[in-house]
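Engineer: To be precise about what I am sending: the file is called protein.tsv and holds TSV, C-alpha atoms.
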chain	number	residue	atom	x	y	z
U	20	MET	CA	64.20	104.09	122.40
U	21	ARG	CA	61.83	103.52	119.48
U	22	ILE	CA	62.21	100.57	117.11
U	23	LEU	CA	60.63	99.48	113.84
U	24	GLY	CA	60.24	95.69	113.67
U	25	ILE	CA	59.96	93.69	110.42
U	26	GLU	CA	58.92	90.03	110.36
U	27	SER	CA	58.94	88.08	107.06
U	28	SER	CA	60.22	84.60	107.89
U	29	CYS	CA	57.37	82.62	106.36
U	30	ASP	CA	53.83	83.47	105.24
U	31	GLU	CA	52.95	86.53	107.32
U	32	THR	CA	54.26	90.05	106.91
U	33	GLY	CA	54.43	91.73	110.30
U	34	ILE	CA	55.38	95.34	111.00
U	35	ALA	CA	55.40	97.06	114.38
U	36	ILE	CA	56.73	100.15	116.12
U	37	TYR	CA	57.69	99.69	119.77
U	38	ASP	CA	58.72	102.37	122.25
U	39	ASP	CA	60.39	101.35	125.50
U	40	GLU	CA	58.48	104.01	127.42
U	41	GLN	CA	55.12	104.08	125.63
U	42	GLY	CA	54.92	100.44	124.63
U	43	LEU	CA	53.51	99.19	121.34
U	44	LEU	CA	52.61	102.16	119.12
U	45	ALA	CA	51.68	100.33	115.93
U	46	HIS	CA	51.01	96.77	114.86
U	47	GLN	CA	50.31	95.79	111.24
U	48	LEU	CA	49.95	92.22	110.01
U	49	TYR	CA	49.17	90.70	106.64
U	50	SER	CA	48.50	86.98	106.40
U	51	GLN	CA	49.07	85.08	103.17
U	52	VAL	CA	46.51	82.38	103.96
U	53	LYS	CA	44.49	83.06	100.80
U	54	VAL	CA	47.65	83.03	98.67
U	55	HIS	CA	48.62	79.51	99.75
U	56	ALA	CA	45.19	77.99	100.44
U	57	ASP	CA	44.85	76.39	96.99
U	58	TYR	CA	48.17	74.58	97.48
U	59	GLY	CA	47.48	73.27	100.98
U	60	GLY	CA	50.72	74.73	102.33
U	61	VAL	CA	53.23	77.53	101.97
U	62	VAL	CA	54.80	77.97	98.52
U	63	PRO	CA	58.14	79.72	99.23
U	64	GLU	CA	58.36	81.68	95.98
U	65	LEU	CA	54.83	83.00	96.32
U	66	ALA	CA	55.55	83.93	99.94
U	67	SER	CA	58.63	85.93	98.94
U	68	ARG	CA	56.77	87.79	96.21
U	69	ASP	CA	53.96	88.71	98.56
U	70	HIS	CA	56.41	90.05	101.14
U	71	VAL	CA	57.88	92.27	98.41
U	72	ARG	CA	54.43	93.68	97.67
U	73	LYS	CA	53.28	94.16	101.26
U	74	THR	CA	56.25	95.21	103.40
U	75	ILE	CA	56.62	98.86	102.39
U	76	PRO	CA	52.85	99.61	102.43
U	77	LEU	CA	52.61	98.05	105.90
U	78	ILE	CA	55.54	100.15	107.13
U	79	GLU	CA	53.75	103.26	105.86
U	80	ALA	CA	50.56	102.13	107.59
U	81	ALA	CA	52.46	101.57	110.84
U	82	PHE	CA	53.89	105.09	110.76
U	83	LYS	CA	50.40	106.46	110.18
U	84	GLN	CA	48.98	104.39	113.04
U	85	ALA	CA	51.75	105.50	115.41
U	86	GLY	CA	51.53	109.13	114.34
U	87	CYS	CA	55.25	109.38	113.70
U	88	GLY	CA	57.82	109.08	110.91
U	89	PRO	CA	61.29	107.68	110.28
U	90	GLU	CA	62.89	110.63	112.05
U	91	SER	CA	61.53	109.33	115.38
U	92	LEU	CA	63.18	105.91	115.08
U	93	ASP	CA	66.30	104.84	116.94
U	94	GLY	CA	66.74	101.60	115.06
U	95	ILE	CA	65.26	98.86	112.87
U	96	ALA	CA	64.96	95.18	113.80
U	97	TYR	CA	64.33	92.51	111.18
U	98	THR	CA	64.05	88.73	111.23
U	99	ALA	CA	67.22	87.21	109.77
U	100	GLY	CA	66.37	83.56	110.50
U	101	PRO	CA	65.43	80.84	110.83
U	102	GLY	CA	62.82	80.59	108.08
U	103	LEU	CA	62.36	80.51	104.31
U	104	VAL	CA	65.48	82.01	102.76
U	105	GLY	CA	63.64	84.02	100.08
U	106	ALA	CA	61.16	85.43	102.56
U	107	LEU	CA	63.95	86.29	105.00
U	108	LEU	CA	65.87	88.10	102.26
U	109	VAL	CA	62.93	90.42	101.64
U	110	GLY	CA	62.69	91.63	105.23
U	111	THR	CA	66.46	91.70	105.66
U	112	SER	CA	67.14	93.74	102.52
U	113	ILE	CA	64.34	96.22	103.22
U	114	GLY	CA	65.19	96.58	106.92
U	115	ARG	CA	68.94	96.92	106.40
U	116	SER	CA	68.52	99.32	103.47
U	117	LEU	CA	66.08	101.60	105.31
U	118	ALA	CA	68.39	101.71	108.33
U	119	PHE	CA	71.29	102.72	106.07
U	120	GLY	CA	69.20	105.33	104.27
U	121	TRP	CA	67.86	106.79	107.52
U	122	ASN	CA	71.29	106.61	109.20
U	123	ILE	CA	70.13	104.54	112.16
U	124	PRO	CA	71.39	101.17	113.46
U	125	ALA	CA	69.88	97.86	112.45
U	126	VAL	CA	69.81	94.54	114.26
U	127	ALA	CA	69.20	91.03	112.95
U	128	VAL	CA	66.73	89.13	115.14
U	129	HIS	CA	66.38	85.39	115.67
U	130	HIS	CA	62.77	84.45	114.91
U	131	MET	CA	62.47	82.03	117.83
U	132	GLU	CA	63.96	84.54	120.27
U	133	GLY	CA	61.17	86.84	119.15
U	134	HIS	CA	58.59	84.19	120.04
U	135	LEU	CA	60.36	83.42	123.31
U	136	LEU	CA	60.20	87.07	124.37
U	137	ALA	CA	56.65	87.69	123.09
U	138	PRO	CA	55.15	87.30	126.61
U	139	MET	CA	57.21	90.37	127.58
U	140	LEU	CA	54.77	92.43	125.51
U	141	GLU	CA	52.12	91.83	128.18
U	142	GLU	CA	51.66	93.84	131.38
U	143	GLU	CA	52.48	90.83	133.56
U	144	MET	CA	55.94	89.76	132.45
U	145	PRO	CA	57.64	86.56	133.60
U	146	GLU	CA	60.81	86.97	135.62
U	147	PHE	CA	63.99	85.09	134.77
U	148	PRO	CA	64.72	82.24	134.97
U	149	PHE	CA	61.91	80.33	133.29
U	150	VAL	CA	61.32	77.32	131.06
U	151	ALA	CA	59.98	78.09	127.61
U	152	LEU	CA	57.95	75.76	125.41
U	153	LEU	CA	58.19	77.08	121.85
U	154	VAL	CA	55.61	75.42	119.61
U	155	SER	CA	54.90	76.45	116.03
U	156	GLY	CA	54.54	75.07	112.55
U	157	GLY	CA	58.29	74.80	112.13
U	158	HIS	CA	59.65	74.33	115.63
U	159	THR	CA	58.98	72.50	118.88
U	160	MET	CA	61.58	73.00	121.59
U	161	MET	CA	62.00	73.25	125.33
U	162	VAL	CA	64.41	75.92	126.50
U	163	LYS	CA	65.81	76.88	129.89
U	164	VAL	CA	66.06	80.67	129.92
U	165	ALA	CA	68.36	82.31	132.47
U	166	GLY	CA	68.23	85.69	130.71
U	167	ILE	CA	68.05	87.19	127.24
U	168	GLY	CA	70.56	85.27	125.15
U	169	GLU	CA	71.21	82.77	127.95
U	170	TYR	CA	69.45	79.80	126.42
U	171	GLU	CA	69.91	76.11	127.04
U	172	VAL	CA	67.91	73.91	124.66
U	173	LEU	CA	66.64	71.05	126.80
U	174	GLY	CA	64.84	69.22	124.02
U	175	GLU	CA	63.46	69.64	120.51
U	176	SER	CA	61.59	67.77	117.83
U	177	VAL	CA	63.50	65.06	116.04
U	178	ASP	CA	61.04	65.11	113.12
U	179	ASP	CA	57.73	66.95	112.63
U	180	ALA	CA	57.05	70.00	114.79
U	181	ALA	CA	53.77	70.02	116.71
U	182	GLY	CA	52.21	72.63	114.44
U	183	GLU	CA	53.34	70.74	111.37
U	184	ALA	CA	51.71	67.56	112.69
U	185	PHE	CA	48.50	69.51	113.31
U	186	ASP	CA	48.50	70.87	109.75
U	187	LYS	CA	49.30	67.54	108.10
U	188	THR	CA	46.65	65.67	110.08
U	189	ALA	CA	44.11	68.36	109.29
U	190	LYS	CA	44.89	67.92	105.60
U	191	LEU	CA	44.30	64.16	105.92
U	192	LEU	CA	40.92	64.99	107.47
U	193	GLY	CA	40.08	67.13	104.44
U	194	LEU	CA	40.18	70.43	106.35
U	195	ASP	CA	41.06	73.74	104.75
U	196	TYR	CA	44.43	75.46	105.09
U	197	PRO	CA	45.71	76.50	107.59
U	198	GLY	CA	44.82	73.19	109.14
U	199	GLY	CA	45.87	73.54	112.77
U	200	PRO	CA	43.19	76.01	113.87
U	201	MET	CA	40.59	74.14	111.79
U	202	LEU	CA	41.46	70.84	113.48
U	203	ALA	CA	41.22	72.46	116.92
U	204	LYS	CA	37.79	73.83	116.02
U	205	LEU	CA	36.60	70.44	114.78
U	206	ALA	CA	37.94	68.78	117.94
U	207	THR	CA	35.43	70.70	120.06
U	208	LYS	CA	32.70	68.56	118.46
U	209	GLY	CA	34.51	65.29	119.13
U	210	VAL	CA	33.69	62.63	121.70
U	211	ALA	CA	36.47	61.71	124.10
U	212	GLY	CA	37.57	58.09	124.32
U	213	ARG	CA	36.40	56.74	120.99
U	214	PHE	CA	39.96	56.90	119.63
U	215	VAL	CA	43.19	56.91	121.61
U	216	PHE	CA	46.53	57.86	120.11
U	217	PRO	CA	50.03	57.39	121.58
U	218	ARG	CA	51.86	60.05	123.58
U	219	PRO	CA	55.19	59.74	121.71
U	220	MET	CA	58.52	59.61	123.57
U	221	THR	CA	56.90	60.10	126.98
U	222	ASP	CA	57.76	56.58	128.15
U	223	ARG	CA	61.49	57.24	128.02
U	224	PRO	CA	63.85	59.77	129.65
U	225	GLY	CA	64.63	63.03	127.94
U	226	LEU	CA	62.86	66.10	126.63
U	227	ASP	CA	62.98	65.61	122.86
U	228	PHE	CA	59.76	65.43	120.86
U	229	SER	CA	58.54	63.31	117.96
U	230	PHE	CA	55.18	63.75	116.27
U	231	SER	CA	55.73	61.87	113.00
U	232	GLY	CA	54.55	58.54	114.45
U	233	LEU	CA	51.49	60.18	115.97
U	234	LYS	CA	50.64	61.66	112.60
U	235	THR	CA	51.01	58.21	111.01
U	236	ALA	CA	48.72	56.68	113.65
U	237	ALA	CA	46.12	59.33	112.87
U	238	ALA	CA	46.51	58.72	109.13
U	239	ASN	CA	45.92	54.98	109.54
U	240	THR	CA	42.86	55.62	111.71
U	241	ILE	CA	41.44	58.08	109.18
U	242	LYS	CA	41.77	55.48	106.43
U	243	SER	CA	40.03	52.72	108.38
U	244	ALA	CA	37.43	54.54	110.50
U	245	GLY	CA	35.26	56.16	107.86
U	246	ASP	CA	34.78	59.75	106.80
U	247	ASP	CA	31.52	60.89	108.38
U	248	GLU	CA	31.72	64.21	110.20
U	249	GLN	CA	31.38	62.80	113.72
U	250	THR	CA	34.18	60.32	113.11
U	251	LYS	CA	36.40	63.12	111.84
U	252	ALA	CA	35.59	65.20	114.92
U	253	ASP	CA	36.36	62.27	117.22
U	254	ILE	CA	39.71	61.69	115.50
U	255	ALA	CA	40.53	65.40	115.72
U	256	HIS	CA	39.70	65.37	119.43
U	257	ALA	CA	41.87	62.32	120.07
U	258	PHE	CA	44.76	63.74	118.07
U	259	GLN	CA	44.68	67.12	119.78
U	260	THR	CA	44.47	65.49	123.20
U	261	ALA	CA	47.51	63.34	122.42
U	262	VAL	CA	49.58	66.35	121.34
U	263	VAL	CA	48.51	68.45	124.33
U	264	ASP	CA	49.18	65.60	126.78
U	265	THR	CA	52.61	65.00	125.25
U	266	LEU	CA	53.59	68.66	125.51
U	267	ALA	CA	52.31	68.86	129.10
U	268	ILE	CA	54.21	65.74	130.17
U	269	LYS	CA	57.43	67.14	128.75
U	270	CYS	CA	56.86	70.55	130.35
U	271	LYS	CA	56.30	68.98	133.75
U	272	ARG	CA	59.44	66.91	133.33
U	273	ALA	CA	61.50	69.99	132.37
U	274	LEU	CA	60.21	72.01	135.31
U	275	LYS	CA	61.03	69.21	137.76
U	276	GLU	CA	64.51	68.72	136.32
U	277	THR	CA	65.34	72.44	136.46
U	278	GLY	CA	63.50	73.24	139.69
U	279	ILE	CA	61.94	76.28	138.02
U	280	LYS	CA	58.33	77.27	138.75
U	281	ARG	CA	57.74	79.60	135.78
U	282	LEU	CA	56.70	78.33	132.35
U	283	ILE	CA	56.04	80.30	129.17
U	284	ILE	CA	54.49	78.97	125.99
U	285	ALA	CA	54.87	80.83	122.71
U	286	GLY	CA	54.56	80.25	118.98
U	287	GLY	CA	51.50	79.59	116.85
U	288	VAL	CA	50.38	76.45	118.71
U	289	SER	CA	50.43	78.36	122.03
U	290	ALA	CA	47.12	79.90	120.92
U	291	ASN	CA	45.51	76.46	121.26
U	292	THR	CA	42.86	76.71	123.99
U	293	GLU	CA	43.19	73.12	125.16
U	294	LEU	CA	46.95	73.45	125.54
U	295	ARG	CA	46.59	76.63	127.61
U	296	THR	CA	43.95	75.08	129.83
U	297	LYS	CA	46.01	71.92	130.39
U	298	LEU	CA	49.17	73.83	131.28
U	299	GLU	CA	47.35	76.29	133.54
U	300	ARG	CA	45.89	73.41	135.57
U	301	MET	CA	49.24	71.67	135.66
U	302	MET	CA	51.04	74.77	136.92
U	303	GLN	CA	48.41	75.35	139.60
U	304	GLY	CA	49.09	71.85	140.88
U	305	MET	CA	52.83	72.56	140.89
U	306	GLN	CA	52.38	75.92	142.68
U	307	GLY	CA	53.85	77.63	139.64
U	308	LYS	CA	52.64	79.96	136.92
U	309	VAL	CA	52.34	79.83	133.14
U	310	TYR	CA	52.71	82.88	130.90
U	311	TYR	CA	51.82	83.35	127.24
U	312	PRO	CA	51.29	86.22	124.81
U	313	ARG	CA	47.85	87.34	123.72
U	314	THR	CA	46.56	85.42	120.70
U	315	GLU	CA	47.57	88.03	118.11
U	316	PHE	CA	51.20	87.73	119.24
U	317	CYS	CA	51.30	83.92	119.21
U	318	THR	CA	51.66	83.75	115.45
U	319	ASP	CA	54.43	85.54	113.56
U	320	ASN	CA	54.31	89.30	114.11
U	321	GLY	CA	56.45	92.41	114.01
U	322	ALA	CA	55.89	93.36	117.65
U	323	MET	CA	57.94	90.46	119.01
U	324	ILE	CA	60.75	91.26	116.55
U	325	ALA	CA	60.74	94.93	117.55
U	326	TYR	CA	60.89	94.01	121.25
U	327	ALA	CA	63.67	91.44	120.84
U	328	GLY	CA	65.61	93.80	118.59
U	329	MET	CA	65.30	96.63	121.09
U	330	GLN	CA	66.90	94.52	123.83
U	331	ARG	CA	69.88	93.74	121.62
U	332	LEU	CA	70.26	97.30	120.34
U	333	LYS	CA	70.29	98.55	123.94
U	334	ALA	CA	73.13	96.11	124.58
U	335	GLY	CA	75.08	97.60	121.68
U	336	GLN	CA	74.56	94.74	119.23
U	337	THR	CA	74.04	95.84	115.63
U	338	ALA	CA	74.01	94.22	112.20
U	339	GLU	CA	76.81	94.69	109.72
U	340	LEU	CA	76.11	96.58	106.52
U	341	SER	CA	76.15	93.33	104.56
U	342	MET	CA	72.81	91.52	104.29
U	343	LYS	CA	72.98	88.08	105.84
U	344	THR	CA	70.18	85.61	106.49
U	345	GLN	CA	70.37	82.32	108.39
U	346	PRO	CA	67.62	79.88	107.36
U	347	ARG	CA	69.07	77.51	109.99
U	348	TRP	CA	70.19	79.27	113.15
U	349	PRO	CA	70.56	77.45	116.49
U	350	LEU	CA	68.87	79.41	119.27
U	351	ASP	CA	71.59	78.58	121.79
U	352	SER	CA	74.25	80.15	119.54
U	353	LEU	CA	72.97	83.67	120.33
U	354	PRO	CA	75.23	85.85	122.49
U	355	PRO	CA	73.97	86.81	125.95
U	356	LEU	CA	73.24	90.44	126.78
Show this structure as C-alpha cells.
Structural biologist:
Amino acid sequence: MRILGIESSCDETGIAIYDDEQGLLAHQLYSQVKVHADYGGVVPELASRDHVRKTIPLIEAAFKQAGCGPESLDGIAYTAGPGLVGALLVGTSIGRSLAFGWNIPAVAVHHMEGHLLAPMLEEEMPEFPFVALLVSGGHTMMVKVAGIGEYEVLGESVDDAAGEAFDKTAKLLGLDYPGGPMLAKLATKGVAGRFVFPRPMTDRPGLDFSFSGLKTAAANTIKSAGDDEQTKADIAHAFQTAVVDTLAIKCKRALKETGIKRLIIAGGVSANTELRTKLERMMQGMQGKVYYPRTEFCTDNGAMIAYAGMQRLKAGQTAELSMKTQPRWPLDSLPPL
C-alpha cells in the first residue's frame, strides 16, 4: 500500500509518500518560521494562507522525489485535528478533494496519533504496550498505549504545554522565534546551580503537568536578575533543567504505575538533547528502553501522517466525502484497529 500524507495543522506544511514495503519514498517540508518571526508567534490567518500557497507545489515535489504519480497511490491521509482550524481546513480540503478526483480512499488523521506513531518510522520500532510522552508546543500528555487506537491518557497539561512554556520564556529572554530551540542552545552556555526553579506538580500524586507557574518563576527571575548574556544563559539552563526533570519524574512515575518498561517520546520538544539524555539514563537504570523518532520527524511532518493514515486505511477506516476538521479532538476518543 502506498499513501500520500498531508500535514497542515499549524505552521509547517508537510508532505510525504510512504510505502508499506519500501518505506518512506518522499519527504517534503516547508517551515513558516520566517513568516511568523516578526510577530513572535504563529498568526493563524497567515499560516492558512501559506498552506494554500505551498501544499500543491510540495505534493508535486514529493511525486518527483518518489519517482511516481497519483496513479500509484492507494490512499491519501491528511491531518484533520487538533490544530488551527483554518490551517486544518487547507490540508483537509486539498487531501479530500484529490482523493475524490483520483478515485482513491482518504482518511482523516489525528495529529497527536501521528506524533505517537512517529517512532515507527525508524528501523527499531517499539513493541506494544508502551508509555508515550507527547511533548510539543501545543500538547503535553502521558499516554498508555496498548495498540494503535488503544490509548489511555494518564495525564496532560492543565495549562501551558512544555513547548509553549519554552517559547514564552525564550521570548522573555529576548530570543528570536521559534524560541524553544534558541533557549536550548543558550542553555548550553549556562552555569548550573546559580538559579533553581520549581519542578511543578511533582510533589503530589498524579501524572498531570503544569508549566504556567514555572514560566512565571522564570519571568520574575528575568526581571530581577539583570540582562547580561551570562545571566540569560544561566536562567535558560535552570529553566530547561526544571522542565526536563519534571518530565522525567512524571515518566518514571507512569512507568512504575503501569509496570511497562518501554517509553517513547515524540513531538517537537522530544528533539531536546537534554531531555533525551535524561530519559536514556533513567531507562537504563530501570532496565527499560526509550524510543524516539529522528530529529526531522519530531516536529510536524507528513511522514508521520502518512504512516498513521496507512494503519487506519488497512483497517478499513476511511473519511466521509464531507470535509470535517476537529480543532479539539481527544486522543482517547479514537477507535482501536
Engineer: Step by step, gather every atom of segment 119-136 of chain U that the file lists, find the box along x, y and z that holds them, add 4 Å on each side, and finally give centre and edge lengths in Å to one decimal, as lines of an AutoDock Vina configuration file.
Structural biologist:
center_x = 65.0
center_y = 94.4
center_z = 114.3
size_x = 20.8
size_y = 32.8
size_z = 28.1
Engineer: Looking at all atoms listed in the file, which of U:Ala45, U:Ile95, U:Ile123, U:Met160 is the one that sits closest to Ser229 of chain U?
Structural biologist: U:Met160
Engineer: Would you please work out which residue, of U:His130, U:Lys251, U:His46, U:Lys242, is nearest to Gly328 of chain U when using all atoms listed in the file?
Structural biologist: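 So, comparing all the options, the nearest one is U:His130.
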Engineer: Can you tell me how far atom CA of Pro76 of chain U sits from atom CA of Ile36 of chain U, in Å to one decimal?
Structural biologist: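 About the pair atom CA of Pro76 of chain U and atom CA of Ile36 of chain U: they are 14.2 Å apart.
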Engineer: Between U:Gln345, U:Leu202, U:Arg281, U:Gly304, which has the minimum distance to Thr260 of chain U (counting only C-alpha atoms)?
Structural biologist: U:Leu202
